[in-house]
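What follows is the content of final00.cif (mmCIF, C-alpha atoms and all ligand atoms).
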data_data
#
loop_
_atom_site.label_atom_id
_atom_site.label_comp_id
_atom_site.auth_asym_id
_atom_site.auth_seq_id
_atom_site.Cartn_x
_atom_site.Cartn_y
_atom_site.Cartn_z
CA MET A 652 27.26 7.53 -19.67
CA GLU A 653 25.08 9.35 -17.15
CA ILE A 654 22.44 7.15 -15.54
CA GLU A 655 20.74 9.85 -13.47
CA PRO A 656 17.75 11.73 -14.87
CA PRO A 657 18.37 15.53 -14.84
CA LEU A 658 16.40 16.08 -11.62
CA GLU A 659 18.46 18.96 -10.34
CA GLU A 660 18.23 20.82 -13.67
CA ARG A 661 14.45 20.39 -13.69
CA TYR A 662 14.21 21.56 -10.09
CA ASN A 663 16.36 24.63 -10.78
CA GLU A 664 14.37 25.48 -13.91
CA LEU A 665 11.08 25.49 -11.97
CA LYS A 666 12.67 27.39 -9.10
CA LYS A 667 13.95 30.04 -11.49
CA GLU A 668 10.51 30.46 -13.10
CA GLU A 669 9.01 30.86 -9.63
CA LEU A 670 11.58 33.47 -8.61
CA ASN A 671 10.97 35.38 -11.83
CA GLY A 672 7.28 35.34 -10.93
CA ARG A 673 6.35 33.66 -14.18
CA ARG A 674 4.37 30.96 -12.45
CA ILE A 675 1.41 31.28 -10.19
CA ILE A 676 1.76 28.65 -7.55
CA GLU A 677 -1.52 27.19 -6.44
CA ALA A 678 -0.08 23.97 -5.21
CA ASP A 679 0.59 22.99 -1.59
CA GLU A 680 3.66 24.86 -0.61
CA GLU A 681 4.09 23.04 2.66
CA ALA A 682 7.70 22.53 3.72
CA ILE A 683 8.68 18.96 4.43
CA GLU A 684 7.40 18.74 7.98
CA GLU A 685 8.80 16.82 10.85
CA CYS A 686 7.18 13.48 11.51
CA GLU A 687 6.43 11.16 14.38
CA GLU A 688 8.17 8.02 15.59
CA GLU A 689 8.46 5.08 13.20
CA ILE A 690 5.38 2.85 13.48
CA GLU A 691 5.08 -0.91 13.38
CA LEU A 692 2.07 -1.60 11.22
CA PRO A 693 0.03 -4.74 11.94
CA VAL A 694 1.78 -7.88 10.66
CA ILE A 695 -0.63 -10.57 9.52
CA ASP A 696 0.49 -14.16 9.03
CA LEU A 697 -1.28 -15.36 5.88
CA GLY A 698 -0.06 -18.90 6.59
CA GLN A 699 -3.10 -19.06 8.91
CA LEU A 700 -5.43 -18.97 5.90
CA LYS A 701 -4.25 -22.47 4.95
CA LYS A 702 -4.99 -23.95 8.39
CA GLY A 703 -8.29 -24.99 9.98
CA ASN A 704 -11.52 -23.09 9.90
CA LEU A 705 -10.87 -21.33 13.21
CA GLU A 706 -7.43 -20.03 12.21
CA ARG A 707 -8.72 -19.00 8.79
CA GLU A 708 -11.60 -16.98 10.19
CA GLU A 709 -9.34 -15.35 12.80
CA CYS A 710 -6.88 -14.35 10.07
CA LYS A 711 -9.65 -12.86 7.90
CA LYS A 712 -10.83 -10.87 10.89
CA GLU A 713 -7.30 -9.51 11.42
CA ILE A 714 -7.12 -8.44 7.76
CA VAL A 715 -10.46 -6.64 7.92
CA GLU A 716 -9.58 -4.91 11.19
CA ALA A 717 -6.19 -3.81 9.89
CA ALA A 718 -7.81 -2.38 6.76
CA MET A 719 -10.39 -0.59 8.87
CA ASN A 720 -8.09 0.78 11.54
CA TRP A 721 -4.99 1.44 9.45
CA GLY A 722 -5.60 1.27 5.72
CA PHE A 723 -1.97 0.02 5.55
CA PHE A 724 -0.80 -3.36 6.88
CA GLN A 725 1.93 -5.94 6.37
CA VAL A 726 1.54 -9.58 5.48
CA ILE A 727 4.04 -12.42 5.95
CA ASN A 728 3.97 -16.01 4.65
CA HIS A 729 2.31 -14.44 1.64
CA GLY A 730 3.46 -17.08 -0.81
CA VAL A 731 6.16 -15.07 -2.64
CA ALA A 732 9.60 -16.33 -1.63
CA GLU A 733 12.01 -13.68 -0.38
CA LYS A 734 14.54 -14.82 -2.97
CA VAL A 735 12.04 -14.14 -5.75
CA LEU A 736 11.35 -10.66 -4.37
CA ASN A 737 15.10 -10.07 -4.14
CA ALA A 738 15.61 -11.28 -7.69
CA MET A 739 13.03 -8.71 -8.82
CA ILE A 740 14.89 -5.92 -7.00
CA ASN A 741 18.13 -7.05 -8.67
CA GLU A 742 16.53 -7.02 -12.12
CA GLN A 743 15.18 -3.60 -11.34
CA LYS A 744 18.66 -2.36 -10.39
CA LYS A 745 19.99 -3.49 -13.78
CA VAL A 746 17.21 -1.59 -15.54
CA PHE A 747 17.79 1.67 -13.68
CA ASN A 748 21.57 1.37 -14.08
CA GLN A 749 21.19 1.94 -17.81
CA PRO A 750 22.18 5.36 -19.17
CA PHE A 751 19.39 7.91 -18.86
CA VAL A 752 19.07 8.24 -22.63
CA ASN A 753 18.39 4.53 -23.00
CA LYS A 754 15.64 4.70 -20.37
CA SER A 755 13.96 7.84 -21.57
CA LEU A 756 14.07 7.74 -25.36
CA SER A 757 10.89 6.69 -27.08
CA GLY A 758 11.61 3.18 -28.20
CA ASN A 759 13.73 2.93 -25.03
CA PHE A 760 15.84 -0.13 -24.45
CA LEU A 761 12.84 -2.02 -23.04
CA ASN A 762 10.83 -1.16 -26.12
CA LEU A 763 8.03 0.25 -24.00
CA PRO A 764 6.07 3.41 -24.85
CA SER A 765 8.12 6.36 -23.58
CA THR A 766 5.30 7.39 -21.22
CA HIS A 767 5.94 4.24 -19.16
CA TYR A 768 9.22 5.74 -17.94
CA ARG A 769 8.71 8.67 -15.56
CA TRP A 770 11.15 10.80 -13.65
CA GLY A 771 10.86 13.84 -11.42
CA ASN A 772 7.07 14.04 -11.82
CA PRO A 773 6.38 14.99 -15.45
CA VAL A 774 3.36 17.09 -14.46
CA ALA A 775 5.08 19.17 -11.75
CA ILE A 776 4.25 22.84 -12.12
CA SER A 777 6.20 24.03 -9.10
CA SER A 778 9.56 23.03 -7.65
CA SER A 779 7.86 21.61 -4.55
CA GLN A 780 6.04 19.09 -6.75
CA ILE A 781 9.23 17.49 -8.03
CA SER A 782 9.57 13.85 -7.01
CA TRP A 783 13.23 12.93 -6.68
CA SER A 784 12.76 9.52 -8.27
CA GLU A 785 12.41 7.57 -11.47
CA ALA A 786 9.97 4.76 -12.26
CA PHE A 787 8.88 2.28 -14.89
CA HIS A 788 5.12 1.89 -14.81
CA ILE A 789 4.14 -1.22 -16.77
CA PRO A 790 0.55 -2.40 -17.32
CA VAL A 791 0.39 -6.08 -16.36
CA LEU A 792 -0.95 -6.95 -19.81
CA GLU A 793 2.26 -5.51 -21.35
CA VAL A 794 4.81 -7.42 -19.26
CA SER A 795 5.02 -10.08 -21.99
CA THR A 796 6.29 -7.43 -24.45
CA LEU A 797 9.61 -7.39 -22.58
CA ASN A 798 10.51 -10.42 -24.66
CA HIS A 799 14.08 -9.34 -25.39
CA HIS A 800 14.92 -9.20 -21.70
CA ILE A 801 14.38 -12.76 -20.67
CA THR A 802 15.38 -12.67 -16.99
CA LEU A 803 13.63 -9.36 -16.39
CA ARG A 804 10.47 -10.60 -18.11
CA THR A 805 10.34 -14.02 -16.44
CA THR A 806 11.10 -12.60 -12.98
CA MET A 807 8.49 -9.88 -13.41
CA GLU A 808 5.92 -12.33 -14.79
CA GLY A 809 6.40 -14.58 -11.77
CA VAL A 810 6.08 -11.72 -9.28
CA VAL A 811 3.13 -10.10 -11.05
CA LYS A 812 1.21 -13.37 -11.18
CA LYS A 813 1.66 -14.00 -7.47
CA LEU A 814 0.91 -10.41 -6.46
CA GLY A 815 -2.16 -10.45 -8.71
CA SER A 816 -3.61 -13.49 -6.97
CA LEU A 817 -2.73 -12.07 -3.57
CA ALA A 818 -4.52 -8.80 -4.41
CA GLU A 819 -7.53 -10.81 -5.59
CA LYS A 820 -7.57 -12.92 -2.43
CA ILE A 821 -7.26 -9.98 -0.01
CA SER A 822 -9.89 -7.98 -1.93
CA GLU A 823 -12.23 -10.94 -1.76
CA ILE A 824 -11.75 -11.22 2.03
CA LEU A 825 -12.29 -7.48 2.52
CA GLY A 826 -15.27 -7.57 0.17
CA GLN A 827 -16.88 -10.49 2.02
CA SER A 828 -16.85 -8.47 5.22
CA LEU A 829 -19.06 -5.92 3.42
CA GLY A 830 -21.35 -8.58 1.99
CA ILE A 831 -19.83 -8.45 -1.51
CA LYS A 832 -19.98 -11.65 -3.58
CA SER A 833 -16.69 -13.47 -3.90
CA ASN A 834 -15.91 -12.97 -7.60
CA TYR A 835 -16.75 -9.20 -7.63
CA PHE A 836 -13.14 -8.01 -7.88
CA LYS A 837 -12.00 -10.87 -10.10
CA GLU A 838 -14.69 -10.05 -12.67
CA ARG A 839 -13.74 -6.37 -12.72
CA CYS A 840 -9.97 -6.73 -12.70
CA GLU A 841 -9.20 -9.84 -14.74
CA LYS A 842 -8.84 -7.92 -17.99
CA GLY A 843 -8.28 -4.65 -16.19
CA LYS A 844 -5.62 -2.01 -15.88
CA SER A 845 -3.55 -3.46 -13.05
CA SER A 846 0.05 -2.41 -13.31
CA PHE A 847 3.50 -3.03 -11.95
CA ARG A 848 5.76 -0.16 -11.00
CA MET A 849 9.48 -0.23 -10.32
CA ASN A 850 10.70 2.74 -8.30
CA ARG A 851 14.22 4.10 -7.77
CA TYR A 852 15.01 7.01 -5.47
CA PRO A 853 18.49 8.38 -6.23
CA PRO A 854 20.52 10.09 -3.49
CA CYS A 855 19.32 13.68 -3.29
CA PRO A 856 21.59 16.63 -2.46
CA ILE A 857 18.58 18.84 -1.59
CA ALA A 858 16.63 16.31 0.46
CA SER A 859 15.20 18.92 2.81
CA GLN A 860 13.52 20.71 -0.11
CA VAL A 861 11.98 17.92 -2.19
CA TYR A 862 10.24 14.60 -1.74
CA GLY A 863 11.31 11.28 -3.19
CA LEU A 864 7.65 10.90 -4.10
CA ILE A 865 5.12 13.64 -3.42
CA PRO A 866 2.17 12.95 -1.07
CA HIS A 867 -0.57 11.03 -2.86
CA THR A 868 -3.21 8.34 -2.55
CA ASP A 869 -3.23 5.37 -4.94
CA THR A 870 -5.76 5.29 -7.80
CA ASP A 871 -6.64 1.60 -7.48
CA TYR A 872 -8.53 -0.91 -5.34
CA LEU A 873 -5.47 -2.16 -3.51
CA THR A 874 -1.68 -1.74 -3.67
CA ILE A 875 0.95 -4.30 -2.75
CA LEU A 876 4.36 -2.77 -2.10
CA TYR A 877 7.76 -4.29 -1.47
CA GLN A 878 10.11 -1.92 0.34
CA PRO A 879 12.75 -4.19 1.77
CA HIS A 880 15.65 -2.23 3.19
CA ILE A 881 15.79 1.53 3.09
CA SER A 882 13.34 3.70 4.97
CA GLY A 883 11.67 6.71 3.41
CA LEU A 884 8.02 5.77 3.11
CA GLN A 885 5.66 7.68 5.40
CA LEU A 886 1.92 7.54 5.81
CA MET A 887 -0.55 10.08 7.10
CA LYS A 888 -2.75 9.06 9.98
CA SER A 889 -4.79 11.45 12.11
CA ALA A 890 -3.18 14.40 10.29
CA LYS A 891 0.34 13.28 11.24
CA TRP A 892 3.09 11.69 9.16
CA PHE A 893 4.51 8.37 10.35
CA PRO A 894 7.54 6.60 8.86
CA VAL A 895 6.90 2.97 7.91
CA LYS A 896 9.70 0.57 8.80
CA PRO A 897 10.95 -1.46 5.82
CA ASN A 898 10.69 -5.24 6.12
CA PRO A 899 12.31 -7.66 3.65
CA GLN A 900 10.04 -10.54 4.72
CA ALA A 901 6.79 -8.66 4.43
CA LEU A 902 4.63 -7.23 1.68
CA LEU A 903 2.92 -3.98 2.53
CA LEU A 904 -0.72 -3.63 1.49
CA ASN A 905 -2.70 -0.45 1.30
CA ILE A 906 -6.27 0.43 0.45
CA GLY A 907 -6.62 2.54 -2.70
CA ASP A 908 -9.23 5.17 -3.64
CA LEU A 909 -11.54 2.70 -5.38
CA PHE A 910 -11.86 0.43 -2.36
CA GLN A 911 -12.57 3.48 -0.25
CA VAL A 912 -15.59 4.15 -2.48
CA VAL A 913 -16.74 0.53 -2.60
CA SER A 914 -16.57 0.34 1.19
CA ASN A 915 -18.23 3.76 1.60
CA ASP A 916 -15.22 4.94 3.65
CA ILE A 917 -15.09 1.92 5.97
CA PHE A 918 -11.65 1.30 4.48
CA ARG A 919 -9.63 4.44 3.83
CA SER A 920 -7.10 5.22 1.13
CA LEU A 921 -4.37 6.95 3.17
CA LYS A 922 -2.08 9.63 1.86
CA HIS A 923 1.53 8.53 1.75
CA ARG A 924 4.85 9.92 0.49
CA VAL A 925 8.51 9.07 0.27
CA VAL A 926 11.08 11.43 1.75
CA ALA A 927 14.33 11.90 -0.13
CA SER A 928 17.70 11.02 1.33
CA VAL A 929 21.05 12.74 0.81
CA GLY A 930 23.20 9.66 1.11
CA VAL A 931 21.37 6.51 0.05
CA GLU A 932 19.67 5.15 -2.98
CA ARG A 933 16.32 3.38 -2.43
CA TYR A 934 14.38 0.78 -4.44
CA SER A 935 10.81 -0.41 -4.14
CA PHE A 936 8.22 -2.00 -6.39
CA ALA A 937 4.45 -1.99 -6.33
CA TYR A 938 1.49 -3.82 -7.83
CA PHE A 939 -1.63 -1.72 -8.39
CA TYR A 940 -4.84 -3.77 -8.51
CA CYS A 941 -7.16 -1.98 -10.97
CA PRO A 942 -10.37 -2.65 -12.92
CA SER A 943 -11.09 -2.13 -16.62
CA ASP A 944 -11.85 1.36 -17.90
CA ASP A 945 -15.63 0.94 -18.11
CA VAL A 946 -16.10 -0.58 -14.65
CA MET A 947 -18.45 1.52 -12.52
CA ILE A 948 -17.05 2.43 -9.14
CA GLU A 949 -19.82 2.66 -6.58
CA SER A 950 -20.42 2.12 -2.94
CA TRP A 951 -21.75 -1.27 -1.93
CA LEU A 952 -23.24 0.22 1.22
CA LYS A 953 -26.10 2.69 1.23
CA PRO A 954 -26.66 5.59 1.58
CA SER A 955 -23.62 6.17 -0.53
CA ILE A 956 -21.19 9.01 0.16
CA TYR A 957 -20.04 9.09 -3.48
CA LYS A 958 -21.58 9.52 -6.89
CA GLN A 959 -21.07 6.65 -9.27
CA PHE A 960 -18.25 7.02 -11.77
CA SER A 961 -16.38 4.82 -14.18
CA TYR A 962 -12.72 4.07 -13.58
CA LYS A 963 -11.91 5.90 -16.80
CA GLU A 964 -13.86 8.97 -15.70
CA TYR A 965 -11.96 9.01 -12.41
CA ARG A 966 -8.58 8.92 -14.12
CA GLN A 967 -9.63 11.62 -16.58
CA GLN A 968 -10.73 13.90 -13.73
CA ILE A 969 -7.39 13.34 -12.01
CA GLU A 970 -5.54 14.13 -15.23
CA LYS A 971 -7.48 17.39 -15.61
CA ASP A 972 -6.86 18.46 -12.02
CA VAL A 973 -3.19 17.56 -12.16
CA GLU A 974 -2.72 19.51 -15.37
CA LYS A 975 -4.29 22.60 -13.81
CA THR A 976 -2.85 22.54 -10.32
CA GLY A 977 -0.22 19.80 -10.17
CA ASN A 978 -2.45 18.12 -7.55
CA LYS A 979 -4.73 15.13 -7.86
CA VAL A 980 -7.77 16.26 -5.75
CA GLY A 981 -9.18 12.72 -6.01
CA LEU A 982 -12.30 11.38 -4.35
CA SER A 983 -13.66 14.65 -2.95
CA ARG A 984 -14.59 15.49 -6.57
CA PHE A 985 -17.20 12.76 -6.39
CA PHE A 986 -18.88 13.46 -3.07
CA LEU A 987 -22.66 13.28 -3.38
CA HIS A 988 -23.00 16.09 -0.85
CA ASN A 989 -20.49 18.73 0.05
CA ILE A 990 -19.19 17.12 3.18
CA ILE A 991 -15.59 17.32 4.24
CA LEU A 992 -14.47 14.29 6.14
CA PRO A 993 -11.63 14.41 8.65
CA HIS A 994 -8.57 12.34 7.76
O1 LIG A 1001 8.40 3.56 -2.77
C1 LIG A 1001 7.54 3.51 -1.91
O2 LIG A 1001 7.79 3.10 -0.76
C2 LIG A 1001 6.13 3.97 -2.19
C3 LIG A 1001 5.77 3.98 -3.64
C4 LIG A 1001 4.38 4.46 -3.89
O3 LIG A 1001 3.69 4.96 -3.04
C5 LIG A 1001 3.81 4.34 -5.26
O4 LIG A 1001 4.54 3.91 -6.19
O5 LIG A 1001 2.61 4.68 -5.43
FE FE A 1002 1.59 5.10 -3.65
#
I'd like the structure from this file rewritten - as structure tokens, please.
Ligand SMILES: O=C(O)CCC(=O)C(=O)O
Ligand SMILES: [Fe+2]
Amino acid sequence: MEIEPPLEERYNELKKEELNGRRIIEADEEAIEECEEEIELPVIDLGQLKKGNLEREECKKEIVEAAMNWGFFQVINHGVAEKVLNAMINEQKKVFNQPFVNKSLSGNFLNLPSTHYRWGNPVAISSSQISWSEAFHIPVLEVSTLNHHITLRTTMEGVVKKLGSLAEKISEILGQSLGIKSNYFKERCEKGKSSFRMNRYPPCPIASQVYGLIPHTDTDYLTILYQPHISGLQLMKSAKWFPVKPNPQALLLNIGDLFQVVSNDIFRSLKHRVVASVGVERYSFAYFYCPSDDVMIESWLKPSIYKQFSYKEYRQQIEKDVEKTGNKVGLSRFFLHNIILPH
């Protein structure tokens, strides 16, 4: 049975509607531009945090500088064994290798709500907004419901637990540099909406016309991504796109929108995207560190650039914007004054 979601059909459908002039396209119609040389992001050895005071402080400084200067950085000796990360990718392969109908039906084979399985960008309103990928997006608090899939569940539980404590630790270090008390993030995220996302990017026959994943920023405090082997991820820095080299030993961390607000733009949530590839399939997984719905997101530093908003309000605004335009808009909705900041 067919495992691939009907991406090409969906793309052609939207294309046809556009050609017939039945859709008004407000969305970015930018072609997939050329990008710069591959960059080596900072690599931080977290093993140093377990050494003496001097090494620990030096390591914290590196983390803060990387977050400030890059918004994206890699960590090694992060406490999750490479074989565990590999085991997760293998479990993920088994999941995506199921027939499409088993993945997409409500009451799918994982017994998750059907909205947890996404393909092609369900809210795309123009062909350029198609993401040539499929994903399972699972709230951390629901991982235990995968109880009929023992190896998937136990592997995911192990990874999620470790990534959760890593996200907490890094957030605490970044927070400390702003004068934020040490349990600030823990208090807000412990019963929060953190989630785990498994991504698969199938080979794409029209890779010059669509993305694997459209440009976006992450709607969280912090993201931890594992992208071990196949390139495709690119980030935007100084208005240019840079490919990020995959690294099987490293975890890639990036600042999300919420941390950008808390830090009053000292740490920036960079736009990133995945380009599609004609010949190769790509896998990645990500942990999104998120608070509970009612947590107020506000700048710790004053005068604040942003209005206060709850996490729920932020997601609702995104949902509204995406429904209307296919685009997220994001933080600029919550500027206190109408200032446009350069990226
Ligand atoms: O697959 C990747 O490398 C990036 C995934 C990503 O940005 C996301 O899931 O938000
Ligand atoms: Fe992302």
To check your reading of the model: which residues sit at most 7 Å from ligand LIG 1001 (chain A) when counting all atoms listed in the file? Write the answer as a PDB file with C-alpha atoms, keeping the file's coordinate frame.
ATOM      1  CA  ARG A 848       5.760  -0.160 -11.000  1.00  0.00           C
ATOM      2  CA  ASN A 850      10.700   2.740  -8.300  1.00  0.00           C
ATOM      3  CA  ASP A 869      -3.230   5.370  -4.940  1.00  0.00           C
ATOM      4  CA  LEU A 876       4.360  -2.770  -2.100  1.00  0.00           C
ATOM      5  CA  GLN A 878      10.110  -1.920   0.340  1.00  0.00           C
ATOM      6  CA  GLY A 883      11.670   6.710   3.410  1.00  0.00           C
ATOM      7  CA  LEU A 884       8.020   5.770   3.110  1.00  0.00           C
ATOM      8  CA  HIS A 923       1.530   8.530   1.750  1.00  0.00           C
ATOM      9  CA  ARG A 924       4.850   9.920   0.490  1.00  0.00           C
ATOM     10  CA  VAL A 925       8.510   9.070   0.270  1.00  0.00           C
ATOM     11  CA  TYR A 934      14.380   0.780  -4.440  1.00  0.00           C
ATOM     12  CA  SER A 935      10.810  -0.410  -4.140  1.00  0.00           C
ATOM     13  CA  PHE A 936       8.220  -2.000  -6.390  1.00  0.00           C
ATOM     14  CA  ALA A 937       4.450  -1.990  -6.330  1.00  0.00           C
TER      15      ALA A 937
END
Please work out which residues fall within 12 Å of (11.1, 28.9, -6.6), coordinates as given in the file, with only C-alpha atoms counting, and return them as a PyMOL selection string. chain A and resi 661-676+680+776-781+860-861
Shortest contact to Leu763 of chain A, candidates A:Val794, A:Leu903, A:Ala775, A:Ala786, atoms counted all atoms listed in the file, goes to A:Val794
Name the residues in contact with Glu716 of chain A at a cut-off of 12 Å, using all atoms listed in the file, excluding same-chain residues fewer than 6 positions from it; report them as a PDB file with C-alpha atoms, keeping the file's coordinate frame.
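Saved as part-v8.pdb:
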ATOM      1  CA  PRO A 693       0.030  -4.740  11.940  1.00  0.00           C
ATOM      2  CA  VAL A 694       1.780  -7.880  10.660  1.00  0.00           C
ATOM      3  CA  ILE A 695      -0.630 -10.570   9.520  1.00  0.00           C
ATOM      4  CA  GLU A 709      -9.340 -15.350  12.800  1.00  0.00           C
ATOM      5  CA  CYS A 710      -6.880 -14.350  10.070  1.00  0.00           C
ATOM      6  CA  GLY A 722      -5.600   1.270   5.720  1.00  0.00           C
ATOM      7  CA  PHE A 723      -1.970   0.020   5.550  1.00  0.00           C
ATOM      8  CA  PHE A 724      -0.800  -3.360   6.880  1.00  0.00           C
ATOM      9  CA  ILE A 824     -11.750 -11.220   2.030  1.00  0.00           C
ATOM     10  CA  LEU A 825     -12.290  -7.480   2.520  1.00  0.00           C
ATOM     11  CA  SER A 828     -16.850  -8.470   5.220  1.00  0.00           C
ATOM     12  CA  ILE A 917     -15.090   1.920   5.970  1.00  0.00           C
ATOM     13  CA  PHE A 918     -11.650   1.300   4.480  1.00  0.00           C
ATOM     14  CA  ARG A 919      -9.630   4.440   3.830  1.00  0.00           C
TER      15      ARG A 919
END
Distance query Glu733 of chain A at most 12 Å, only C-alpha atoms, self and fewer than 2 positions along chain excluded, as a PyMOL selection string: chain A and resi 727-731+735-740+810+877-879+898-902
For segment 747-751 of chain A: contacts at 6 Å, all atoms listed in the file, fewer than 4 positions along chain excluded, given as a ChimeraX atom specification: /A:652-656
Considering all atoms listed in the file, can you say which of A:Cys840, A:Met849, A:Leu987, A:Ile969 comes closest to ligand FE 1002 (chain A)?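 For ligand FE 1002 (chain A), the nearest of the given residues is A:Met849.
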